[in-house]
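Below you'll find the structure, written out as structure tokens, and then a few comments.
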Amino acid sequence: MTPTLAQLVATVHGGALLAALAFTLALTLKSVRDYTTAGPMLPDEVVRRFRGYAVWALARLAVWALLVAGYWALAGALWWQGVATLLGHQTGLLGGAIAAALAIAGATLWRFVHALLHNPGLIVASSHYRISRLYPLWSRLSPARLRRIEWGLLVAGLVPMLLGALAPARTGDRAGSLVLLATLALLLGLAALASQRPRAPARRGCAGSRERPNLLLIGCDTLRADWLGCAGHPRGLTPNIDALAAAGTQFAHCYVPCGRTAPSLISLLTGTWPQTHGIRDNFVADAATRLRVPSLPRLLGAAGYRSEAISDWCGADLGKFDFGFDRLDLPDDSWNLRYLLRQGPKDLRLFLSLFLHNRLGKRLLPEVYYLGGVPSTDALGAEVRARLSRLAEDERPFLLNAFFSTTHPPFACEHPYYARYAEPGYSGPSKFAMARLTDPFEIIRRQGEPRREFDLDQILRLYDGCVKRFDDEVGAILDHLEHCGLADRTLVAIYSDHGMEFFEHDTWGQGNSVLSDHSARIPLIVRDPGERGGHRVEGIVRSVDLAPTLLERCGLRPPPTMDGVSLAACLGGAPAPALTAYTESGIWLTDLPGMPEGHLRYPDLLGLLDVPDHRSGTLAIRPEYAELVVRAKDRMVREGRWKLTYQPLVAGAIWQLFDLEHDPDCRHDQAAAHPEVVARLRTRLQPWLH
């Protein structure tokens, strides 16, 4: 007997709804039982004020989980309807619900396996369980094998669905076929939308000129200067960046004023010290996000430039602070309790991220798309190339700042880079990413752990893969710039916000130590289309010098508010002027290994952070500790071969002097042997001791 339209709707849509509801309820209940969020541990009085918001955030994610589960449930029920029709069987609500449930389970398993091979950081970021349990499964996976399975599933799924949708029309029930065909079209349309990649046609561009060049800034969070081949790294991870350095100018000793993302980026884009722009770390109240100094995008905009910033999960500060970019493609501020609560508990988060780590998810559920620690290098690179194609069509010059998280902890890179340099037999917890770093606050908390708690050799190999991944993406972007005809009119700069400490002085992380140079020194490479290039500048320069350099190169005079100086002459081969570099440590949210006894301290994470405006949810340092946090910072100045470090104690301070020409690892204090150098550099440091 041919099913009626009502029976078709009950079997396909009713069965799908029943299965999706049951699945979502079970997933939500488990998420509540094992409730964890990406948020920090805060005092109970703060947490209580956000309980209602947390319930709303959980319900919101549950609705999205229902929609995703409903999609696959509908596909499963429609497939079963097609198979049953071809076999001449009568279907019912129960059969449709069972098929829908199996489809949800099968699709989830398939996306899990796909992520396990291609982007295992996605699983690591939201998993309750030991990742090592997945190693036997991972060892059997390969891209070719997954593609064959995917094509087989696609054919086995679509053919019965299409034939089943057409079957009612053959018996005169055109309405039934239309309903089923419309359902199939909806499913295929959503799949196409989710898998769509940005188009980047290599159009011959007309933007910019040699006199007013386009500016393409390509940054990478936590990229160490000494990991580049042109800086002497033996593994040869960066052939594309090395080639750019050979065609441009490499600044071998460039320092940031603070090894934390927000103050570093602000200094780089405003040409000012943290003491001038006022941002000393990542945790600031909303009022402080309105910058009190002019920025590079705003100054260029007044001169007719268009400006855009694009990033993945680590680049929220480019939108949090009002730099004046015309267009932003970034996540919201990740140091925000409301944002972190919206990311939800791990089980719901993992299920949704398996299906929505794509362009559709970026539009509909950005909090899940921009999960901390989950790389999007491939997608971000494609978007950067697409933006270049669009910017090329306008005659106006542009500033495009692309900021990648590729080399940021937990060093969870995409396939095949996470395994490219690893030992084949490695089976420890850091196979895909640095273990136990599933949210930004775990990254901070682990900075207090000693070296013996880390599988350092494997972590360094993961970092190698991340550096190689970034370099390959730089190569793709530069090739596209050439294909668009913009290379001879575009100044390209490679930079970072800070480096990374790998226990060179007993600590790891960013901005924790001024004894080591590995956080404070960044790569800075500039290729100017108006200069021949091939220069290596050995003198000391600072990231605050980049903005005035770019302004002068674009024919604009740097404003007097800028603390940096122009290095435009260095792009033509001139040596760097005699400059003094300054760096201060970031906020310590835990006691660090190697911290000297009697060092100025303040409360840990629980007591230090607050949410001053509960409507916005922004995390900030409690006002009563703001002055102490600044006074407790370690400082250093470098001038020529010498570096002077300052560590404040409860009573007095520790001053040390290092000769980096003979002691690049800063192991031997020369203060007693060179008191005249100490005196000179203390005078240099004095203006920054506030």
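Each chain in the structure tokens gets a letter, A, B, ..., in the order shown, and its residues are numbered from 1; ligands are numbered from 1 in order too.
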
**Request:** Using DSSP on the backbone coordinates, identify all residues within region 387-447 of chain A classified as strand (DSSP E); present the result as a PyMOL selection string.
**Result:** chain A and resi 398-404

**Item:** Exercise: Ala97 (chain A) partners within 7 Å, only C-alpha atoms, chain neighbours under 2 positions left out, as a VMD selection string
**Value:** chain A and resid 15 to 16 18 to 19 77 93 to 95 99 to 101

Since we have the selection now, will you write its residues out, keeping all heavy atoms, as a compact mmCIF listing (two decimals), in the first residue's frame?
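So part23.txt came out as:
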# COMPACT_ATOMS: atom_id res chain seq x y z
N GLY A 15 9.66 10.89 12.77
CA GLY A 15 10.72 10.01 13.27
C GLY A 15 12.01 10.77 13.53
O GLY A 15 12.71 10.53 14.52
N ALA A 16 12.35 11.70 12.63
CA ALA A 16 13.56 12.49 12.80
C ALA A 16 13.47 13.36 14.04
O ALA A 16 14.42 13.47 14.83
CB ALA A 16 13.80 13.35 11.57
N LEU A 18 11.63 12.89 16.72
CA LEU A 18 11.67 12.04 17.92
C LEU A 18 13.11 11.65 18.25
O LEU A 18 13.55 11.74 19.41
CB LEU A 18 10.82 10.80 17.69
CG LEU A 18 10.65 9.85 18.88
CD1 LEU A 18 9.94 10.55 20.02
CD2 LEU A 18 9.86 8.60 18.45
N ALA A 19 13.87 11.22 17.26
CA ALA A 19 15.25 10.81 17.50
C ALA A 19 16.12 11.99 17.92
O ALA A 19 16.96 11.87 18.83
CB ALA A 19 15.83 10.16 16.25
N ALA A 77 16.12 9.35 8.37
CA ALA A 77 14.74 8.94 8.16
C ALA A 77 14.39 8.97 6.67
O ALA A 77 13.65 8.09 6.18
CB ALA A 77 13.80 9.86 8.94
N LEU A 93 6.51 5.17 12.10
CA LEU A 93 7.18 6.16 12.93
C LEU A 93 8.38 5.55 13.66
O LEU A 93 9.46 6.15 13.71
CB LEU A 93 6.20 6.74 13.94
CG LEU A 93 6.76 7.80 14.90
CD1 LEU A 93 7.25 9.01 14.14
CD2 LEU A 93 5.70 8.20 15.92
N LEU A 94 8.21 4.35 14.20
CA LEU A 94 9.29 3.72 14.96
C LEU A 94 10.49 3.42 14.05
O LEU A 94 11.63 3.68 14.42
CB LEU A 94 8.80 2.43 15.62
CG LEU A 94 9.84 1.68 16.46
CD1 LEU A 94 10.36 2.56 17.58
CD2 LEU A 94 9.24 0.38 17.00
N GLY A 95 10.20 2.88 12.86
CA GLY A 95 11.29 2.60 11.93
C GLY A 95 12.03 3.86 11.52
O GLY A 95 13.27 3.88 11.44
N ALA A 99 16.01 4.66 12.35
CA ALA A 99 16.94 5.05 11.28
C ALA A 99 17.54 6.42 11.54
O ALA A 99 18.73 6.66 11.30
CB ALA A 99 16.21 5.03 9.93
N ALA A 100 16.72 7.33 12.04
CA ALA A 100 17.21 8.68 12.35
C ALA A 100 18.26 8.64 13.46
O ALA A 100 19.29 9.31 13.38
CB ALA A 100 16.04 9.57 12.76
N ALA A 101 18.01 7.84 14.49
CA ALA A 101 18.96 7.73 15.59
C ALA A 101 20.28 7.14 15.11
O ALA A 101 21.37 7.59 15.50
CB ALA A 101 18.37 6.88 16.71

**Asked** So, counting only C-alpha atoms, which residue among A:Trp313, A:Phe432, A:Tyr495, A:Trp64 is closest to Leu117 (chain A)?
**Response**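 Closest residue, counting only C-alpha atoms: A:Phe432.
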
**Message:** Env of His233 (chain A): 12 Å cut, atoms = only C-alpha atoms, seq-sep filter 4 positions within chain, self excluded. Answer as number ranges by chain.
**Reply:** A: 224-229, 237-239, 242, 464, 467

**Prompt:** Leaving out Ala651 (chain A) and any residue of its chain fewer than 2 positions from it, which residues lie within 12 Å of it when counting only C-alpha atoms, given as a PyMOL selection string?
**Reply:** chain A and resi 597-600+632+647-649+653-654

Residues from the last selection, N, CA, C and O atoms, saved as a JSON list (two decimals), in the first residue's frame:
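Output contents, as saved in result-v4.json:
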[["chain", "number", "residue", "atom", "x", "y", "z"],
["A", 597, "GLU", "N", 63.23, 34.34, 45.96],
["A", 597, "GLU", "CA", 62.58, 34.49, 47.26],
["A", 597, "GLU", "C", 62.47, 35.97, 47.60],
["A", 597, "GLU", "O", 63.40, 36.75, 47.39],
["A", 598, "GLY", "N", 61.32, 36.36, 48.12],
["A", 598, "GLY", "CA", 61.11, 37.75, 48.48],
["A", 598, "GLY", "C", 60.63, 38.62, 47.35],
["A", 598, "GLY", "O", 60.52, 39.85, 47.51],
["A", 599, "HIS", "N", 60.34, 38.03, 46.19],
["A", 599, "HIS", "CA", 59.84, 38.81, 45.06],
["A", 599, "HIS", "C", 58.47, 39.38, 45.39],
["A", 599, "HIS", "O", 57.66, 38.75, 46.08],
["A", 600, "LEU", "N", 58.20, 40.58, 44.94],
["A", 600, "LEU", "CA", 56.87, 41.16, 45.11],
["A", 600, "LEU", "C", 55.82, 40.22, 44.50],
["A", 600, "LEU", "O", 56.00, 39.74, 43.38],
["A", 632, "ALA", "N", 55.18, 45.07, 40.66],
["A", 632, "ALA", "CA", 55.80, 43.75, 40.77],
["A", 632, "ALA", "C", 56.39, 43.25, 39.45],
["A", 632, "ALA", "O", 57.00, 42.18, 39.43],
["A", 647, "GLN", "N", 64.45, 42.92, 39.03],
["A", 647, "GLN", "CA", 63.41, 42.12, 39.66],
["A", 647, "GLN", "C", 63.09, 42.73, 41.03],
["A", 647, "GLN", "O", 63.94, 42.71, 41.93],
["A", 648, "PRO", "N", 61.88, 43.27, 41.21],
["A", 648, "PRO", "CA", 61.55, 43.96, 42.47],
["A", 648, "PRO", "C", 61.29, 42.97, 43.60],
["A", 648, "PRO", "O", 60.60, 41.96, 43.43],
["A", 649, "LEU", "N", 61.85, 43.26, 44.76],
["A", 649, "LEU", "CA", 61.65, 42.46, 45.96],
["A", 649, "LEU", "C", 60.82, 43.25, 46.96],
["A", 649, "LEU", "O", 60.62, 44.47, 46.82],
["A", 653, "ALA", "N", 65.73, 45.22, 45.37],
["A", 653, "ALA", "CA", 65.56, 44.66, 44.03],
["A", 653, "ALA", "C", 66.82, 43.89, 43.66],
["A", 653, "ALA", "O", 67.90, 44.09, 44.23],
["A", 654, "ILE", "N", 66.66, 43.00, 42.68],
["A", 654, "ILE", "CA", 67.80, 42.26, 42.12],
["A", 654, "ILE", "C", 68.12, 42.87, 40.76],
["A", 654, "ILE", "O", 67.26, 42.92, 39.87]]
